[in-house]
Amino acid sequence: MLRFILTRVSLVVPTFIGITLLVFVLIRLIPGDPIETMAGERGIDPVRHEQMRKEYGFDQPVLVQYGYYLARLVRGDLGRSIVTHEPVISEFTTLFPATVELGVCAMLFALCFGLPAGIVAAVRRNSIFDHGVMGVALTGYSMPIFWWGLLLILLFSVQLGLTPVSGRIAVQYFIEPVTGFLLIDTIIAGDWGAFRSALSHLILPMIVLGTVPLAVIARMTRSAMLEVLGEDYIRTARAKGLPTFRVIAIHALRNALIPVVTVIGLQVGVLFTGAILTETIFSWPGVGKWLIEGINRRDYPVLQGGTLMIGAIVMIVNLLVDVAYGLINPRIRHTR
Amino acid sequence: MTSKALEASTAAAHTGTPPHPLAEFWSDFTANAGAVAGLFVIVALILSALFADLIAPHSPVLTNNQVFLKPPFWQEGGSLNFPLGTDAIGRDILSRLIHGARLSLLIGIAVVTLSVAAGTILGLVAGFFRGVTDITIMRLMDITLTLPSLLLAIVIVAILGPGLMNAMLAVAIVLLPHYVRIVRAAVITEVSKDYVTAAKVAGAGPLRLMFKEVLPNCVAPLIVQATLGISTAILDAAALGFLGLGAQPPLPEWGTMLADAREFVLRAWWVVTLPGIAIFVTVLAFNLLGDGLRDALDPKLKR
């Protein structure tokens with residue numbers, strides 16, 4: 001088992017080094033002088049320019065620069081934002097809980113609807129329900145989510161006036177951040193008005209971000225269930241006279257869930273892609289919106305640091321899923 | 001598209017038993033109502049893209065200061081002169097959508113062609129030579145796969161600068177690992193088969209082995225993935241356009257149109273709704289076609 005984990009970890013290391021290289025090269029490939037880019041439109045005098053070149057190490061050979069970059073990285077230093085002059089890492093950690101809260105709720109939404117829909121579609125194969133679920137799944141899968149978000153705003157916020165258009169909570173509430181997750185913090189503060197406000201702000205972004213994972217999970221659950229339902233041991237269980245519900249919920253679902261769990265793990269990257277768009281549409285104060293603002297303001301340290309952090313997080317989550325998969329399924333552990 | 005598909009079905013079912021493989025492919029394909037519907041939509045899109053100058057009632061870029069934000073014809077204040085209304089600076093939305101079809105199809109086909117070509121070569125090289133070459137290529141692909149697709153595209157656009165061409169290149173790079181993986185996996189299974197050994201014994205060089213012997217047997221999954229790739233390419237390019245990093249206004253790209261329309265979401269539903277419908281229908285059509293092709297081409301899925 002230890003060997004299995006070590007192999008998996010060793011496979012991840014070169015990928016991570018690759019990401020640091022990519023991110024390091026990023027700021028050097030951008031056309032123009034990095035100091036002038038940082039100085040922006042105000043320009044910079046030649047003395048200060050030379051001083052800053054030294055300060056940032058741009059006068060050193062590229063490999064030495066990469067070495068310095070890695071050394072700073074190890075200390076958790078991702079540089080400072082050109083616009084706010086705050087350390088990139090602290091901006092990231094402040095905004096990250098908002099993205100996690102949105103992502104986790106979107107995933108729960110996707111699971112609550114995707115799993116049962118996929119199971120029932122498989123059990124009632126080729127029924128109207130099955131065709132309906134697969135149709136909806138394909139629709140969700142083909143949906144440009146930035147448009148989907150605008151449509152929901154148009155319907156629920158503009159026409160029906162049920163939900164707020166943007167933001168995370170109404171301005172009149174101030175909640176002391178404890179966990180950074182507003183739904184939890186408002187409960188800790190015992191402020192139910194704030195909780196309701198946070199919930200009503202969350203609901204549309206959650207649906208928008210959860211749509212693609214919902215479609216993927218429904219399709220995956222259905223095909224995994226179909227495969228398992230055709231196995232001999234299911235026939236045996238049925239022949240023993242077990243009630244249908246027990247056969248499906250206990251015997252079939254347990255094995256069908258294995259590929260579904262992997263797919264859920266792989267959705268982390270998809271969630272980040274979706275979060276960039278969803279947060280932009282709903283002005284959700286998370287890392288996705290922050291990245292887009294960063295690129296629009298040519299704030300390259302933000303783009304650099306944010307990309308590295310997100311890459312590392314996706315990588316670690318995938319690694320954990322991989323290892324957890326090996327733990328619950330010995331067949332995976334012993335092959336390869 | 002169809003001629004490629006037909007070639008593939010010949011390659012996939014080379015047993016030569018009756019019925020003719022083409023006829024078998026076609027009957028399998030047409031049995032899938034969704035796939036046929038997708039094909040119809042795509043043909044219609046191609047036609048409107050080809051004849052955009054003839055069909056479109058107005059210019060896609062000329063503004064008209066008499067008709068700001070005119071609603072579609074069935075709503076009060078609309079007229080048949082601008083059937084789907086006008087945008088905030090008086091451009092006819094229908095004309096922009098028709099010309100946008102040209103852009104979106106171009107994006108989808110160009111991106112996938114580039115990505116499939118590069119992916120095939122990298123996959124063949126990795127699968128044939130194995131060793132260090134293989135490891136290097138596959139590690140690079142792992143890095144591209146690890147970063148969320150849109151984030152990677154944004155990083156590439158940040159390096160190259162915003163614009164349609166750069167966005168297309170970025171999306172092509174994002175799609176690349178899928179094709180490399182498919183081709184490499186197919187090559188590795190095919191190389192150990194007897195017909196490849198026979199060709200080797202007969203004196204075939206590595207290039208002949210790669211392109212003449214092995215590649216035709218990897219074409220079926222590649223075609224399916226390419227069709228699905230077109231929908232991803234259109235969707236991702238539209239997302240970049242929406243974020244202001246892809247096609248730049250005045251170009252009538254659907255995602256860019258949506259970005260322009262965002263601030264009018266409160267008072268003009270049509271500028272927001274219509275370009276999105278165009279993206280959605282196109283992407284759905286390619287997904288339906290891809291699913292249909294997979295069912296018809298993949299002998300493993302046949303029952």
# chains A, B, ... in the order shown; residues from 1 in each chain; ligands from 1
>>> interface_residues(of="chain B", to="chain A", cutoff="6 Å", atoms="only C-alpha atoms", output="PyMOL selection string")
chain B and resi 143+147-148+150+159+276+280+283-284
>>> write_last_selection(atoms="C-alpha atoms", output="short mmCIF file (atom, residue, chain, number, x, y, z; two decimals), in the first residue's frame")
data_model
loop_
_atom_site.label_atom_id
_atom_site.label_comp_id
_atom_site.auth_asym_id
_atom_site.auth_seq_id
_atom_site.Cartn_x
_atom_site.Cartn_y
_atom_site.Cartn_z
CA ILE B 143 0.59 19.35 -17.20
CA LEU B 147 -4.65 22.95 -15.25
CA PRO B 148 -8.37 23.68 -15.65
CA LEU B 150 -10.23 27.68 -19.35
CA ILE B 159 1.13 35.44 -23.23
CA GLY B 276 -26.65 32.17 -26.46
CA PHE B 280 -26.18 26.27 -27.45
CA VAL B 283 -22.78 22.84 -29.52
CA LEU B 284 -25.74 20.51 -28.95
#
>>> residues_around(residues="region 40-49 of chain B", least_positions_apart="2", cutoff="12 Å", atoms="only C-alpha atoms", output="MDAnalysis selection string")
chainID B and resid 1:2 30 33:38 51:56 94:106 108:109 227 230:231 278:290
>>> residues_around(residues="Ile234 (chain A)", least_positions_apart="4", cutoff="9 Å", atoms="only C-alpha atoms", output="ChimeraX atom specification")
/A:228-230,238-239,247-248,251-252
>>> residues_around(residues="Met134 (chain A)", least_positions_apart="3", cutoff="9 Å", atoms="only C-alpha atoms", output="MDAnalysis selection string")
chainID A and resid 118 121 129:131 137:139 215 218:219
>>> residues_around(residues="Thr144 (chain B)", least_positions_apart="4", cutoff="8 Å", atoms="only C-alpha atoms", output="CSV table (one decimal) with N, CA and C atoms, in the first residue's frame")
chain,number,residue,atom,x,y,z
B,140,LEU,N,4.3,16.3,-20.5
B,140,LEU,CA,3.8,17.7,-21.0
B,140,LEU,C,2.3,17.7,-21.1
B,149,SER,N,-9.1,23.8,-18.0
B,149,SER,CA,-9.0,24.1,-19.4
B,149,SER,C,-9.1,25.6,-19.7
B,152,LEU,N,-5.9,27.5,-18.4
B,152,LEU,CA,-4.8,27.3,-19.3
B,152,LEU,C,-5.0,28.2,-20.5
B,174,VAL,N,-5.3,23.4,-25.6
B,174,VAL,CA,-6.1,22.8,-24.5
B,174,VAL,C,-6.6,21.5,-24.9
B,177,PRO,N,-4.1,17.2,-25.5
B,177,PRO,CA,-3.8,16.0,-24.8
B,177,PRO,C,-4.8,14.9,-25.1
>>> atom_distance(atom1="CA of Ala185 (chain B)", atom2="CA of Arg208 (chain B)")
18.8 Å
>>> residues_around(residues="Phe29 (chain B)", least_positions_apart="2", cutoff="7 Å", atoms="only C-alpha atoms", output="list in words")
Phe25, Trp26, Ser27, Ala31, Asn32, Gly292, Leu293 and Ala296 of chain B
>>> residues_around(residues="Leu164 (chain B)", least_positions_apart="5", cutoff="9 Å", atoms="only C-alpha atoms", output="MDAnalysis selection string")
chainID B and resid 107 169 237 241 245:248
